[in-house]
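> My structure is in my_file_17.cif, and what it holds is mmCIF, C-alpha atoms:
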```cif
data_run
loop_
_atom_site.label_atom_id
_atom_site.label_comp_id
_atom_site.auth_asym_id
_atom_site.auth_seq_id
_atom_site.Cartn_x
_atom_site.Cartn_y
_atom_site.Cartn_z
CA MET A 1 27.57 6.28 -30.08
CA THR A 2 24.23 4.90 -31.25
CA TYR A 3 22.42 2.81 -28.65
CA SER A 4 21.15 -0.62 -29.66
CA ALA A 5 19.05 -2.40 -27.04
CA SER A 6 19.72 -6.00 -26.07
CA SER A 7 17.43 -8.40 -27.92
CA ASP A 8 17.10 -10.80 -24.95
CA ARG A 9 16.15 -8.19 -22.33
CA TYR A 10 12.61 -9.47 -21.77
CA GLY A 11 13.85 -12.73 -20.31
CA ARG A 12 15.70 -10.94 -17.53
CA GLN A 13 12.83 -10.44 -15.09
CA PRO A 14 9.17 -11.37 -14.56
CA TYR A 15 6.29 -9.14 -15.63
CA ASN A 16 3.17 -8.85 -13.50
CA ARG A 17 -0.36 -7.84 -14.49
CA THR A 18 -1.43 -4.48 -13.04
CA GLY A 19 -4.62 -5.15 -11.09
CA ARG A 20 -7.38 -6.25 -13.46
CA SER A 21 -6.01 -4.23 -16.38
CA GLY A 22 -4.33 -5.45 -19.54
CA LEU A 23 -1.03 -3.78 -18.61
CA LYS A 24 1.96 -5.72 -17.33
CA LEU A 25 4.87 -4.09 -15.49
CA PRO A 26 8.33 -5.45 -14.77
CA ALA A 27 8.80 -6.70 -11.20
CA VAL A 28 11.46 -4.02 -10.76
CA SER A 29 10.90 -0.53 -12.22
CA LEU A 30 13.31 2.41 -12.24
CA GLY A 31 12.34 5.62 -10.47
CA LEU A 32 14.03 8.90 -11.35
CA TRP A 33 13.33 10.65 -8.04
CA HIS A 34 17.02 10.89 -7.13
CA ASN A 35 20.13 10.77 -9.34
CA PHE A 36 18.64 12.25 -12.52
CA GLY A 37 18.76 15.98 -11.76
CA ASP A 38 21.31 18.52 -12.88
CA ASP A 39 23.52 17.67 -9.89
CA LYS A 40 24.41 14.28 -11.43
CA PRO A 41 26.52 13.56 -14.55
CA ILE A 42 24.37 13.06 -17.61
CA ASP A 43 26.63 10.24 -18.82
CA THR A 44 25.92 8.29 -15.64
CA GLN A 45 22.21 8.86 -16.11
CA ARG A 46 22.38 7.65 -19.69
CA ALA A 47 24.39 4.54 -18.78
CA THR A 48 21.94 3.69 -15.99
CA LEU A 49 18.87 4.02 -18.21
CA ARG A 50 20.46 2.01 -21.00
CA ARG A 51 21.51 -0.80 -18.69
CA ALA A 52 18.11 -0.86 -17.01
CA PHE A 53 16.35 -1.34 -20.33
CA ASP A 54 18.82 -4.05 -21.34
CA LEU A 55 17.95 -5.88 -18.11
CA GLY A 56 14.23 -5.82 -18.83
CA VAL A 57 13.23 -2.65 -17.00
CA SER A 58 10.64 -1.27 -19.38
CA HIS A 59 9.10 1.18 -16.89
CA PHE A 60 10.64 4.57 -16.03
CA ASP A 61 8.83 6.59 -13.35
CA LEU A 62 9.12 10.39 -13.00
CA ALA A 63 7.30 13.39 -11.50
CA ASN A 64 7.17 17.05 -12.45
CA ASN A 65 9.37 18.23 -9.55
CA TYR A 66 12.04 15.52 -9.63
CA GLY A 67 15.52 17.00 -9.83
CA PRO A 68 17.11 19.14 -8.52
CA PRO A 69 16.12 21.65 -9.72
CA TYR A 70 12.42 20.95 -10.26
CA GLY A 71 11.76 19.63 -13.74
CA SER A 72 15.35 18.70 -14.49
CA ALA A 73 14.84 14.94 -14.22
CA GLU A 74 12.16 15.11 -16.91
CA THR A 75 14.34 17.41 -19.04
CA ASN A 76 17.36 15.13 -18.73
CA PHE A 77 15.26 12.06 -19.40
CA GLY A 78 13.84 13.81 -22.46
CA HIS A 79 17.31 14.43 -23.88
CA ILE A 80 18.31 10.79 -23.33
CA PHE A 81 15.00 9.52 -24.69
CA ALA A 82 15.44 11.53 -27.89
CA GLN A 83 18.96 10.22 -28.43
CA ASP A 84 18.58 6.59 -27.31
CA PHE A 85 15.01 5.43 -26.70
CA ARG A 86 12.70 6.98 -29.28
CA PRO A 87 12.81 3.85 -31.50
CA TYR A 88 11.67 1.84 -28.47
CA ARG A 89 8.79 4.08 -27.36
CA ASP A 90 6.19 1.35 -27.81
CA GLU A 91 8.26 -0.96 -25.59
CA LEU A 92 8.38 1.56 -22.74
CA ILE A 93 6.05 2.54 -19.93
CA ILE A 94 6.75 6.16 -18.93
CA SER A 95 4.90 7.70 -16.00
CA THR A 96 4.84 11.11 -14.36
CA LYS A 97 2.96 12.83 -11.55
CA ALA A 98 1.75 16.18 -10.27
CA GLY A 99 0.63 17.18 -6.81
CA TYR A 100 3.55 18.58 -4.86
CA ASP A 101 4.89 22.11 -5.25
CA MET A 102 6.24 22.86 -8.70
CA TRP A 103 5.98 26.60 -9.41
CA PRO A 104 5.09 29.68 -7.31
CA GLY A 105 1.59 30.91 -6.69
CA PRO A 106 -1.77 29.28 -6.01
CA TYR A 107 -1.82 27.17 -9.20
CA GLY A 108 1.51 25.37 -8.77
CA GLU A 109 0.66 22.47 -6.46
CA TRP A 110 -2.05 20.19 -4.99
CA GLY A 111 -4.94 18.76 -7.00
CA SER A 112 -6.88 21.35 -8.94
CA ARG A 113 -7.79 20.75 -12.57
CA LYS A 114 -5.85 23.91 -13.44
CA TYR A 115 -2.63 22.62 -11.90
CA LEU A 116 -2.76 18.98 -12.92
CA LEU A 117 -3.43 19.54 -16.62
CA ALA A 118 -0.99 22.46 -16.90
CA SER A 119 1.66 20.35 -15.19
CA LEU A 120 1.04 17.41 -17.51
CA ASP A 121 1.46 19.65 -20.57
CA GLN A 122 4.73 20.98 -19.15
CA SER A 123 5.96 17.44 -18.40
CA LEU A 124 5.22 16.30 -21.94
CA SER A 125 7.12 19.30 -23.29
CA ARG A 126 10.15 18.66 -21.08
CA MET A 127 10.29 14.98 -22.06
CA GLY A 128 9.50 15.53 -25.72
CA LEU A 129 6.59 13.07 -25.59
CA ASP A 130 3.14 13.06 -27.16
CA TYR A 131 1.76 11.13 -24.18
CA VAL A 132 2.73 9.39 -20.97
CA ASP A 133 1.56 5.89 -20.20
CA ILE A 134 0.52 6.67 -16.61
CA PHE A 135 -0.35 10.06 -15.11
CA TYR A 136 -0.69 10.24 -11.33
CA SER A 137 -2.26 12.54 -8.81
CA HIS A 138 0.83 12.62 -6.58
CA ARG A 139 -1.05 13.32 -3.35
CA PRO A 140 -4.63 13.98 -2.22
CA ASP A 141 -5.67 17.62 -1.89
CA PRO A 142 -7.62 18.36 1.32
CA ASP A 143 -9.15 21.52 -0.17
CA THR A 144 -10.13 20.36 -3.66
CA PRO A 145 -13.10 18.04 -4.26
CA LEU A 146 -11.91 14.58 -5.21
CA GLU A 147 -14.30 14.72 -8.18
CA GLU A 148 -12.27 17.62 -9.62
CA THR A 149 -8.92 15.88 -9.18
CA MET A 150 -10.18 12.62 -10.66
CA GLY A 151 -11.90 14.58 -13.42
CA ALA A 152 -8.54 16.02 -14.42
CA LEU A 153 -7.09 12.49 -14.64
CA ASP A 154 -10.08 11.46 -16.74
CA THR A 155 -9.47 14.41 -19.08
CA ALA A 156 -5.78 13.53 -19.35
CA VAL A 157 -6.72 10.04 -20.55
CA ARG A 158 -9.59 11.06 -22.82
CA SER A 159 -7.45 13.75 -24.47
CA GLY A 160 -4.73 11.21 -25.29
CA ARG A 161 -2.11 12.85 -23.09
CA ALA A 162 -2.04 9.75 -20.85
CA LEU A 163 -3.09 6.14 -21.36
CA TYR A 164 -3.85 5.31 -17.74
CA ALA A 165 -4.69 7.11 -14.48
CA GLY A 166 -2.92 6.57 -11.16
CA ILE A 167 -2.80 7.95 -7.64
CA SER A 168 -0.09 8.13 -5.00
CA ASN A 169 -0.07 8.56 -1.22
CA TYR A 170 -3.86 8.13 -0.88
CA THR A 171 -5.41 6.41 2.17
CA PRO A 172 -7.54 3.28 1.74
CA GLU A 173 -10.72 5.36 2.07
CA GLN A 174 -9.53 7.98 -0.42
CA THR A 175 -8.43 5.22 -2.80
CA ARG A 176 -11.83 3.53 -2.69
CA GLU A 177 -13.61 6.80 -3.45
CA ALA A 178 -11.15 7.75 -6.21
CA ALA A 179 -11.67 4.36 -7.85
CA ARG A 180 -15.45 4.78 -7.69
CA ILE A 181 -15.37 8.25 -9.24
CA LEU A 182 -13.04 7.22 -12.06
CA ARG A 183 -15.02 4.05 -12.75
CA GLU A 184 -18.20 6.07 -13.14
CA MET A 185 -16.38 8.41 -15.53
CA GLY A 186 -15.30 5.43 -17.63
CA THR A 187 -11.57 5.75 -16.87
CA PRO A 188 -10.64 2.94 -14.46
CA LEU A 189 -8.01 3.59 -11.79
CA LEU A 190 -4.96 1.60 -12.88
CA ILE A 191 -2.46 1.81 -10.04
CA HIS A 192 -1.54 3.25 -6.65
CA GLN A 193 2.00 4.28 -5.70
CA PRO A 194 2.46 4.18 -1.91
CA ARG A 195 5.52 4.17 0.33
CA TYR A 196 6.28 0.60 1.49
CA SER A 197 9.20 -1.34 2.90
CA MET A 198 10.08 -3.81 5.64
CA LEU A 199 10.40 -0.80 7.96
CA ASP A 200 7.23 1.02 6.87
CA ARG A 201 4.33 -1.38 6.44
CA TRP A 202 1.30 0.91 6.60
CA ILE A 203 -0.23 -0.39 3.38
CA GLU A 204 -0.79 -3.78 5.02
CA ASP A 205 -3.37 -2.12 7.28
CA GLY A 206 -6.16 -1.83 4.72
CA LEU A 207 -4.69 -0.38 1.52
CA LEU A 208 -3.63 -3.67 -0.07
CA ASP A 209 -7.06 -5.14 0.64
CA THR A 210 -8.70 -2.09 -0.94
CA LEU A 211 -6.52 -2.31 -4.05
CA GLU A 212 -7.32 -6.00 -4.45
CA ALA A 213 -11.05 -5.37 -4.11
CA GLU A 214 -10.95 -2.51 -6.63
CA GLY A 215 -8.73 -4.35 -9.11
CA VAL A 216 -5.97 -1.74 -8.82
CA GLY A 217 -2.24 -2.40 -9.06
CA CYS A 218 0.36 -1.40 -6.47
CA ILE A 219 3.87 -0.07 -7.13
CA PRO A 220 5.64 0.89 -3.89
CA PHE A 221 8.31 3.56 -3.70
CA SER A 222 11.17 3.59 -1.15
CA PRO A 223 11.24 -0.22 -0.79
CA LEU A 224 14.78 0.16 0.59
CA ALA A 225 13.69 2.77 3.16
CA GLN A 226 15.92 5.55 1.77
CA GLY A 227 18.92 3.21 1.77
CA ILE A 228 18.56 1.86 5.31
CA LEU A 229 17.79 -1.59 3.89
CA THR A 230 21.18 -1.80 2.18
CA ASP A 231 24.69 -2.36 3.51
CA ARG A 232 25.31 1.41 3.54
CA TYR A 233 24.54 2.06 7.21
CA LEU A 234 25.56 -1.23 8.81
CA GLN A 235 28.56 0.42 10.46
CA GLY A 236 27.09 3.88 11.00
CA VAL A 237 26.64 6.96 8.81
CA PRO A 238 29.27 7.21 6.04
CA GLU A 239 30.41 10.54 4.67
CA GLY A 240 28.44 11.67 1.63
CA SER A 241 25.48 9.41 2.36
CA ARG A 242 21.87 10.60 2.27
CA ALA A 243 21.74 10.55 6.08
CA SER A 244 24.95 12.57 6.43
CA GLN A 245 23.39 15.24 4.21
CA GLU A 246 19.98 14.89 5.95
CA ARG A 247 18.29 14.38 2.57
CA PHE A 248 15.04 12.52 3.38
CA LEU A 249 16.89 10.66 6.16
CA ARG A 250 18.25 12.02 9.43
CA PRO A 251 21.07 10.45 11.46
CA SER A 252 18.78 10.52 14.50
CA GLN A 253 16.56 7.95 12.77
CA LEU A 254 19.40 5.44 12.73
CA THR A 255 18.96 4.32 16.32
CA ASP A 256 20.89 1.47 17.93
CA ASP A 257 17.74 -0.66 17.89
CA LEU A 258 17.12 0.00 14.20
CA LEU A 259 20.71 -0.80 13.24
CA ARG A 260 20.54 -4.01 15.28
CA ARG A 261 17.47 -5.05 13.29
CA VAL A 262 19.09 -4.14 9.98
CA ARG A 263 22.24 -6.12 10.81
CA ALA A 264 20.11 -9.14 11.67
CA LEU A 265 18.27 -8.77 8.36
CA ASN A 266 21.61 -8.50 6.58
CA ASP A 267 22.66 -11.84 8.10
CA LEU A 268 19.39 -13.41 6.93
CA ALA A 269 19.97 -12.09 3.42
CA ALA A 270 23.49 -13.52 3.37
CA SER A 271 22.12 -16.93 4.35
CA ARG A 272 19.86 -16.72 1.27
CA GLY A 273 22.77 -15.79 -0.98
CA GLN A 274 21.46 -12.24 -1.43
CA SER A 275 22.44 -8.73 -0.50
CA LEU A 276 20.18 -7.01 2.03
CA ALA A 277 18.80 -4.77 -0.72
CA GLN A 278 17.94 -7.78 -2.88
CA MET A 279 16.13 -9.51 -0.03
CA ALA A 280 14.22 -6.33 0.87
CA LEU A 281 13.00 -5.97 -2.72
CA ALA A 282 12.07 -9.65 -2.93
CA TRP A 283 10.19 -9.33 0.38
CA ALA A 284 8.13 -6.40 -0.93
CA LEU A 285 7.26 -8.49 -4.00
CA ARG A 286 6.23 -11.54 -1.94
CA ASP A 287 2.63 -10.31 -1.91
CA SER A 288 0.92 -10.95 -5.25
CA ARG A 289 -0.98 -7.67 -4.87
CA VAL A 290 2.31 -5.79 -5.35
CA THR A 291 2.78 -5.37 -9.09
CA SER A 292 6.26 -3.85 -9.17
CA VAL A 293 8.73 -2.10 -6.89
CA LEU A 294 10.41 1.21 -7.71
CA ILE A 295 14.14 1.40 -7.18
CA GLY A 296 16.53 4.31 -7.51
CA ALA A 297 20.09 3.87 -8.74
CA SER A 298 23.11 6.15 -8.60
CA SER A 299 25.29 3.84 -10.73
CA VAL A 300 25.06 0.92 -13.10
CA ARG A 301 26.59 -1.34 -10.45
CA GLN A 302 23.92 -0.42 -7.90
CA LEU A 303 21.22 -0.91 -10.52
CA GLU A 304 22.50 -4.37 -11.43
CA ASP A 305 22.68 -5.43 -7.78
CA ASN A 306 19.09 -4.36 -7.15
CA ILE A 307 17.63 -5.93 -10.29
CA ALA A 308 19.30 -9.23 -9.35
CA ALA A 309 16.67 -9.47 -6.61
CA VAL A 310 14.44 -11.21 -9.17
CA ASP A 311 16.84 -14.15 -9.22
CA ARG A 312 15.55 -15.21 -5.80
CA LEU A 313 11.96 -14.19 -5.04
CA ASP A 314 10.91 -17.28 -3.07
CA PHE A 315 10.85 -17.41 0.76
CA SER A 316 10.49 -20.37 3.07
CA ALA A 317 8.10 -20.16 6.01
CA GLU A 318 11.10 -20.18 8.32
CA GLU A 319 12.73 -17.25 6.52
CA LEU A 320 9.55 -15.19 6.63
CA ALA A 321 9.17 -15.91 10.34
CA ALA A 322 12.77 -14.84 11.01
CA ILE A 323 12.24 -11.62 9.06
CA GLU A 324 8.96 -10.98 10.84
CA LYS A 325 10.72 -11.27 14.18
CA GLU A 326 12.93 -8.32 13.25
CA ILE A 327 10.37 -6.04 11.63
CA ALA A 328 7.49 -6.19 14.11
CA GLU A 329 3.78 -6.48 13.40
CA PRO A 330 2.04 -5.79 10.06
CA GLY A 331 1.13 -2.15 9.66
CA ALA A 332 4.05 -0.98 11.83
CA ARG A 333 6.37 1.84 10.93
CA ILE A 334 9.86 1.52 12.42
CA VAL A 335 11.28 4.63 10.70
#
```
Could you spell out this file's structure in structure tokens?


Amino acid sequence: MTYSASSDRYGRQPYNRTGRSGLKLPAVSLGLWHNFGDDKPIDTQRATLRRAFDLGVSHFDLANNYGPPYGSAETNFGHIFAQDFRPYRDELIISTKAGYDMWPGPYGEWGSRKYLLASLDQSLSRMGLDYVDIFYSHRPDPDTPLEETMGALDTAVRSGRALYAGISNYTPEQTREAARILREMGTPLLIHQPRYSMLDRWIEDGLLDTLEAEGVGCIPFSPLAQGILTDRYLQGVPEGSRASQERFLRPSQLTDDLLRRVRALNDLAASRGQSLAQMALAWALRDSRVTSVLIGASSVRQLEDNIAAVDRLDFSAEELAAIEKEIAEPGARIV
């Protein structure tokens, strides 16, 4: 069946300017970290991507090793893009990254010029694209000069294989230096992708200030703390959940104190007429320095619930104080 996108999709959610650039991103973007590998039905993946676009999600975020297996998320996205989204390429922001392990040997991870540019070429091939909109250094490399890593991003942009350069998981100090190097090369740093949620607030301790000063956007991943900030674990660890499989979340992390906090947050969300996930996403977007939040979705229903967060983004002072009481001081990491 031929896909025809909804004509009113751009009224479904707000779009925010990325730092001091000309690029706007939807408040909620879709990440393909989980649920788009070969272990998930391709029809579910297609339905999720279609529905996301119809709801105004114009940004799809990938990385070279998303799967499983590595590369399969890009390959699956490429198949769906060719069948459904090619006519809409100029309405889409597609990003990918390189930095974590991807293939064996000394050239298959970290931040060398050799690895980053080879990985980008492979990603473009898997997705069937001429270029990506944003190419990220996925993590800083302690053994490669930052000038080399940023130089590879500069080459990616100047060669037309990417339109913008981004970084992920960099400290405030590393971010400041990366921005300086890229600025001097003539390829401004567009965006930073850090981990951030109510339960992991490290970016409040310097990174957000750095991004604001440098004119760089911010797009947090894991804003739902691997599913903790949903109703999934309110009554313990359900069978088949990420925690039960110890995939990026261990049952030992779900302490009695943490679950008490999460249940209190769930009650606050209900008083606002939101699900806990919706309130957690809205909370991450409360700071104007946050451009967009990256969600994952295993079904259309989950996607729709999360995107509905944009229907209620305002917070009263009393609500913020009640939330703050449960999530400790800025910069804290509870999990």

> Name all residues at most 7 Å from range 193-196 of chain A (count only C-alpha atoms; drop same-chain ones fewer than 3 positions away) and give them as a ChimeraX atom specification.

/A:167-169,200-201,203,218-223

> Put those residues in a file: C-alpha atoms, as a compact mmCIF listing (two decimals), in the coordinates of the input.


```txt
# COMPACT_ATOMS: atom_id res chain seq x y z
CA ILE A 167 -2.80 7.95 -7.64
CA SER A 168 -0.09 8.13 -5.00
CA ASN A 169 -0.07 8.56 -1.22
CA ASP A 200 7.23 1.02 6.87
CA ARG A 201 4.33 -1.38 6.44
CA ILE A 203 -0.23 -0.39 3.38
CA CYS A 218 0.36 -1.40 -6.47
CA ILE A 219 3.87 -0.07 -7.13
CA PRO A 220 5.64 0.89 -3.89
CA PHE A 221 8.31 3.56 -3.70
CA SER A 222 11.17 3.59 -1.15
CA PRO A 223 11.24 -0.22 -0.79
```

> For this file, the PyMOL selection byres ((chain A and resi 217) around 12) selects which residues, as a ChimeraX atom specification?

/A:16-25,164-168,175,179,188-194,207-216,218-220,287-293

> Enclose range 37-43 of chain A, meaning all of its atoms listed in the file, in a box aligned along x, y and z, pad it by 3 Å on each side, and list the centre and edge lengths in Å to one decimal, as AutoDock Vina command-line options.


```
--center_x 22.7 --center_y 14.4 --center_z -14.4 --size_x 13.9 --size_y 14.3 --size_z 14.9
```

> Which residues of range 166-262 of chain A sit at most 7 Å from range 149-154 of chain A, using only C-alpha atoms? Give each one's shortest atom pair and distance in Å (one decimal place), in chain and ascending residue order, as a Markdown table.


```
| residue | atom | partner | partner_atom | distance |
| --- | --- | --- | --- | --- |
| A:Ala178 | CA | A:Met150 | CA | 6.7 |
| A:Ile181 | CA | A:Met150 | CA | 6.9 |
| A:Leu182 | CA | A:Met150 | CA | 6.3 |
| A:Thr187 | CA | A:Asp154 | CA | 5.9 |
```

> Could you save those same residues with C-alpha atoms as a tab-separated table (two decimals), keeping the file's coordinate frame?


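Printed below is part14.tsv as written:
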```tsv
chain	number	residue	atom	x	y	z
A	178	ALA	CA	-11.15	7.75	-6.21
A	181	ILE	CA	-15.37	8.25	-9.24
A	182	LEU	CA	-13.04	7.22	-12.06
A	187	THR	CA	-11.57	5.75	-16.87
```

> If you apply the PyMOL selection byres ((chain A and resi 142-145) around 12) to this file, what residues do you get, as a ChimeraX atom specification?

/A:99,109-116,139-141,146-152,170,174,177-178,181

> For those residues, write C-alpha atoms to a file as a short mmCIF file (atom, residue, chain, number, x, y, z; two decimals), in the coordinates of the input.


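Just written: again_7.cif:
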```cif
data_model
loop_
_atom_site.label_atom_id
_atom_site.label_comp_id
_atom_site.auth_asym_id
_atom_site.auth_seq_id
_atom_site.Cartn_x
_atom_site.Cartn_y
_atom_site.Cartn_z
CA GLY A 99 0.63 17.18 -6.81
CA GLU A 109 0.66 22.47 -6.46
CA TRP A 110 -2.05 20.19 -4.99
CA GLY A 111 -4.94 18.76 -7.00
CA SER A 112 -6.88 21.35 -8.94
CA ARG A 113 -7.79 20.75 -12.57
CA LYS A 114 -5.85 23.91 -13.44
CA TYR A 115 -2.63 22.62 -11.90
CA LEU A 116 -2.76 18.98 -12.92
CA ARG A 139 -1.05 13.32 -3.35
CA PRO A 140 -4.63 13.98 -2.22
CA ASP A 141 -5.67 17.62 -1.89
CA LEU A 146 -11.91 14.58 -5.21
CA GLU A 147 -14.30 14.72 -8.18
CA GLU A 148 -12.27 17.62 -9.62
CA THR A 149 -8.92 15.88 -9.18
CA MET A 150 -10.18 12.62 -10.66
CA GLY A 151 -11.90 14.58 -13.42
CA ALA A 152 -8.54 16.02 -14.42
CA TYR A 170 -3.86 8.13 -0.88
CA GLN A 174 -9.53 7.98 -0.42
CA GLU A 177 -13.61 6.80 -3.45
CA ALA A 178 -11.15 7.75 -6.21
CA ILE A 181 -15.37 8.25 -9.24
#
```

> To verify the selection step, state as a PyMOL selection string which residues the PyMOL selection byres ((chain A and resi 75-83) around 7) yields on this input.

chain A and resi 36+46+71-74+84-86+126-128

> Grab the CA of Val157 in chain A to CA of Phe135 in chain A distance for me, in Å with one decimal place.

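Going from CA of Val157 in chain A over to CA of Phe135 in chain A covers 8.4 Å.
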
> Select, from A:Thr230, A:Ser316, A:Gln253, A:Leu224, the residue with the minimum atom-to-atom distance to Asp267 in chain A, counting only C-alpha atoms.

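So, comparing all the options, the nearest one is A:Thr230.
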
> For Arg263 in chain A, which residue among A:Arg89, A:His34, A:Arg232, A:Arg50 is the nearest when counting all atoms listed in the file?

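Nearest to Arg263 in chain A: A:Arg232.
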
> Is it possible to get the residues within 12 Å of (11.8, -2.8, -5.5) (coordinates as in the file, counting only C-alpha atoms) written as number ranges by chain?

A: 26-31, 57, 195-198, 218-227, 229, 277-286, 290-297, 303, 305-310, 313

> Kindly give the distance, in Å, that separates CA of Leu163 in chain A and CA of Asn65 in chain A, rounded to a single decimal.

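So the two atoms, CA of Leu163 in chain A and CA of Asn65 in chain A, lie 21.0 Å apart.
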
> One decimal, in Å: what's the spacing between CA of Asp61 in chain A and CA of Ile134 in chain A?

8.9 Å

> Could you check which of A:Ala98, A:Tyr10, A:Tyr15, A:Leu62 is closest to Leu32 in chain A, using all atoms listed in the file?

A:Leu62

> Can you pull out the residues contacting Arg12 in chain A? Cut-off 8 Å, using only C-alpha atoms, and skip same-chain residues under 4 positions away; I want them as a compact mmCIF listing (two decimals) with C-alpha atoms, keeping the file's coordinate frame.


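Saved to result.txt:
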```
# COMPACT_ATOMS: atom_id res chain seq x y z
CA ASP A 8 17.10 -10.80 -24.95
CA LEU A 55 17.95 -5.88 -18.11
CA GLY A 56 14.23 -5.82 -18.83
```
